[in-house]
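The block underneath contains the structure these notes are about, expressed in structure tokens.
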Amino acid sequence: MQESSVWQHQREKFMAQGIEQGAKEATCRNLLTILNTKFHREAVRALTPALENIDDLQRLEQLLLIAVNVKSLEDFTAVLFE
């Protein structure tokens with residue numbers, strides 16, 4: 001039995017959304033791991049809701065790179081909320 005082109009398109013769209021959502025979740029998890037490794041966990045915990053609410057994968061990836069290189073949590077927070 002062959003899928004209709006409409007169903008196939010919907011399935012592909014659904015799969016792509018799932019993959020992107022998984023990438024966002026993994027990037028956010030990695031970002032929090034880096035921040036928790038470098039800075040005090042309680043301070044990082046205060047930022048967790050703001051990070052988890054970011055829906056833009058590119059923004060999360062940018063913040064991940066910044067987290068690797070940032071010297072203080074205050075500097076990271078400034079970039080996060082700019």
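Ordered as shown in the structure tokens, chains take letters A, B, and onward, while each chain numbers its residues from 1 and ligands are numbered from 1 in the order shown.
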
Distance query A:Gln21 at most 12 Å, only C-alpha atoms, self and fewer than 2 positions along chain excluded, as a PyMOL selection string: chain A and resi 14-19+23-28+52+54-57+60

Write out the residues from the selection above, keeping all heavy atoms, as a compact mmCIF listing (two decimals), in the first residue's frame.
```txt
# COMPACT_ATOMS: atom_id res chain seq x y z
N PHE A 14 6.24 16.27 10.35
CA PHE A 14 6.18 15.87 11.75
C PHE A 14 7.52 15.35 12.23
O PHE A 14 7.99 15.69 13.32
CB PHE A 14 5.09 14.82 11.94
CG PHE A 14 4.95 14.34 13.35
CD1 PHE A 14 4.37 15.14 14.32
CD2 PHE A 14 5.41 13.09 13.72
CE1 PHE A 14 4.25 14.70 15.63
CE2 PHE A 14 5.29 12.63 15.02
CZ PHE A 14 4.70 13.45 15.98
N MET A 15 8.17 14.54 11.43
CA MET A 15 9.47 13.98 11.79
C MET A 15 10.52 15.08 11.90
O MET A 15 11.32 15.08 12.83
CB MET A 15 9.90 12.92 10.78
CG MET A 15 9.11 11.64 10.89
SD MET A 15 9.53 10.41 9.65
CE MET A 15 11.24 10.11 10.04
N ALA A 16 10.50 16.03 10.97
CA ALA A 16 11.46 17.14 11.01
C ALA A 16 11.26 17.98 12.27
O ALA A 16 12.24 18.39 12.90
CB ALA A 16 11.32 18.00 9.76
N GLN A 17 10.01 18.22 12.65
CA GLN A 17 9.74 18.97 13.87
C GLN A 17 10.26 18.22 15.09
O GLN A 17 10.81 18.82 16.01
CB GLN A 17 8.24 19.24 14.00
CG GLN A 17 7.72 20.25 13.02
CD GLN A 17 6.20 20.36 13.04
OE1 GLN A 17 5.50 19.47 13.53
NE2 GLN A 17 5.70 21.44 12.49
N GLY A 18 10.08 16.92 15.10
CA GLY A 18 10.56 16.11 16.21
C GLY A 18 12.07 16.12 16.31
O GLY A 18 12.64 16.21 17.40
N ILE A 19 12.73 16.06 15.17
CA ILE A 19 14.19 16.11 15.16
C ILE A 19 14.68 17.46 15.66
O ILE A 19 15.60 17.54 16.47
CB ILE A 19 14.73 15.81 13.74
CG1 ILE A 19 14.47 14.34 13.40
CG2 ILE A 19 16.21 16.15 13.62
CD1 ILE A 19 14.71 13.99 11.95
N ALA A 23 16.88 18.32 18.97
CA ALA A 23 18.14 19.08 18.90
C ALA A 23 18.11 20.24 19.88
O ALA A 23 19.12 20.54 20.55
CB ALA A 23 18.37 19.58 17.48
N LYS A 24 16.97 20.92 20.00
CA LYS A 24 16.84 22.03 20.95
C LYS A 24 17.03 21.54 22.38
O LYS A 24 17.76 22.15 23.17
CB LYS A 24 15.47 22.69 20.81
CG LYS A 24 15.29 23.49 19.55
CD LYS A 24 13.87 24.00 19.48
CE LYS A 24 13.55 24.53 18.10
NZ LYS A 24 12.12 24.87 17.97
N GLU A 25 16.37 20.43 22.71
CA GLU A 25 16.47 19.88 24.05
C GLU A 25 17.90 19.45 24.37
O GLU A 25 18.40 19.71 25.47
CB GLU A 25 15.50 18.72 24.23
CG GLU A 25 14.05 19.16 24.23
CD GLU A 25 13.07 18.01 24.20
OE1 GLU A 25 13.50 16.83 24.26
OE2 GLU A 25 11.86 18.29 24.09
N ALA A 26 18.56 18.81 23.42
CA ALA A 26 19.94 18.36 23.64
C ALA A 26 20.88 19.55 23.78
O ALA A 26 21.77 19.55 24.64
CB ALA A 26 20.39 17.46 22.49
N THR A 27 20.69 20.57 22.98
CA THR A 27 21.55 21.75 23.05
C THR A 27 21.35 22.46 24.38
O THR A 27 22.32 22.88 25.02
CB THR A 27 21.26 22.70 21.87
OG1 THR A 27 21.46 21.98 20.65
CG2 THR A 27 22.19 23.91 21.90
N CYS A 28 20.12 22.58 24.82
CA CYS A 28 19.84 23.21 26.10
C CYS A 28 20.46 22.40 27.24
O CYS A 28 21.07 22.96 28.16
CB CYS A 28 18.33 23.36 26.30
SG CYS A 28 17.89 24.32 27.76
N GLU A 52 15.30 27.23 28.94
CA GLU A 52 14.37 26.22 28.45
C GLU A 52 13.24 26.82 27.60
O GLU A 52 12.62 26.11 26.83
CB GLU A 52 13.79 25.42 29.62
CG GLU A 52 14.82 24.52 30.26
CD GLU A 52 14.31 23.78 31.48
OE1 GLU A 52 13.30 24.23 32.07
OE2 GLU A 52 14.94 22.78 31.85
N ILE A 54 13.69 29.14 25.33
CA ILE A 54 14.20 29.58 24.02
C ILE A 54 13.80 28.53 22.99
O ILE A 54 14.12 27.36 23.11
CB ILE A 54 15.73 29.77 24.06
CG1 ILE A 54 16.08 30.88 25.04
CG2 ILE A 54 16.27 30.06 22.66
CD1 ILE A 54 17.57 31.05 25.29
N ASP A 55 13.13 28.99 21.95
CA ASP A 55 12.61 28.08 20.93
C ASP A 55 13.41 28.14 19.63
O ASP A 55 13.07 27.49 18.67
CB ASP A 55 11.14 28.41 20.65
CG ASP A 55 10.43 27.30 19.93
OD1 ASP A 55 10.68 26.12 20.26
OD2 ASP A 55 9.64 27.60 19.02
N ASP A 56 14.48 28.91 19.64
CA ASP A 56 15.29 29.10 18.44
C ASP A 56 16.59 28.29 18.58
O ASP A 56 17.44 28.61 19.41
CB ASP A 56 15.59 30.59 18.28
CG ASP A 56 16.41 30.92 17.06
OD1 ASP A 56 16.84 30.01 16.32
OD2 ASP A 56 16.64 32.13 16.83
N LEU A 57 16.73 27.25 17.78
CA LEU A 57 17.90 26.38 17.86
C LEU A 57 19.19 27.15 17.62
O LEU A 57 20.18 26.94 18.32
CB LEU A 57 17.78 25.22 16.87
CG LEU A 57 18.93 24.22 16.84
CD1 LEU A 57 19.19 23.61 18.22
CD2 LEU A 57 18.67 23.14 15.81
N LEU A 60 20.17 28.98 20.76
CA LEU A 60 20.72 28.05 21.75
C LEU A 60 22.14 27.65 21.40
O LEU A 60 23.01 27.57 22.29
CB LEU A 60 19.83 26.81 21.88
CG LEU A 60 18.51 27.01 22.59
CD1 LEU A 60 17.61 25.78 22.41
CD2 LEU A 60 18.74 27.29 24.07
```

All residues 12 Å or closer to stretch 68-82 of chain A, only C-alpha atoms, same chain fewer than 6 positions away omitted, as a PyMOL selection string: chain A and resi 30-54+59-62

DSSP helix (DSSP H, G or I) selection over chain A, as a ChimeraX atom specification: /A:5-38,41-52,57-69,73-80
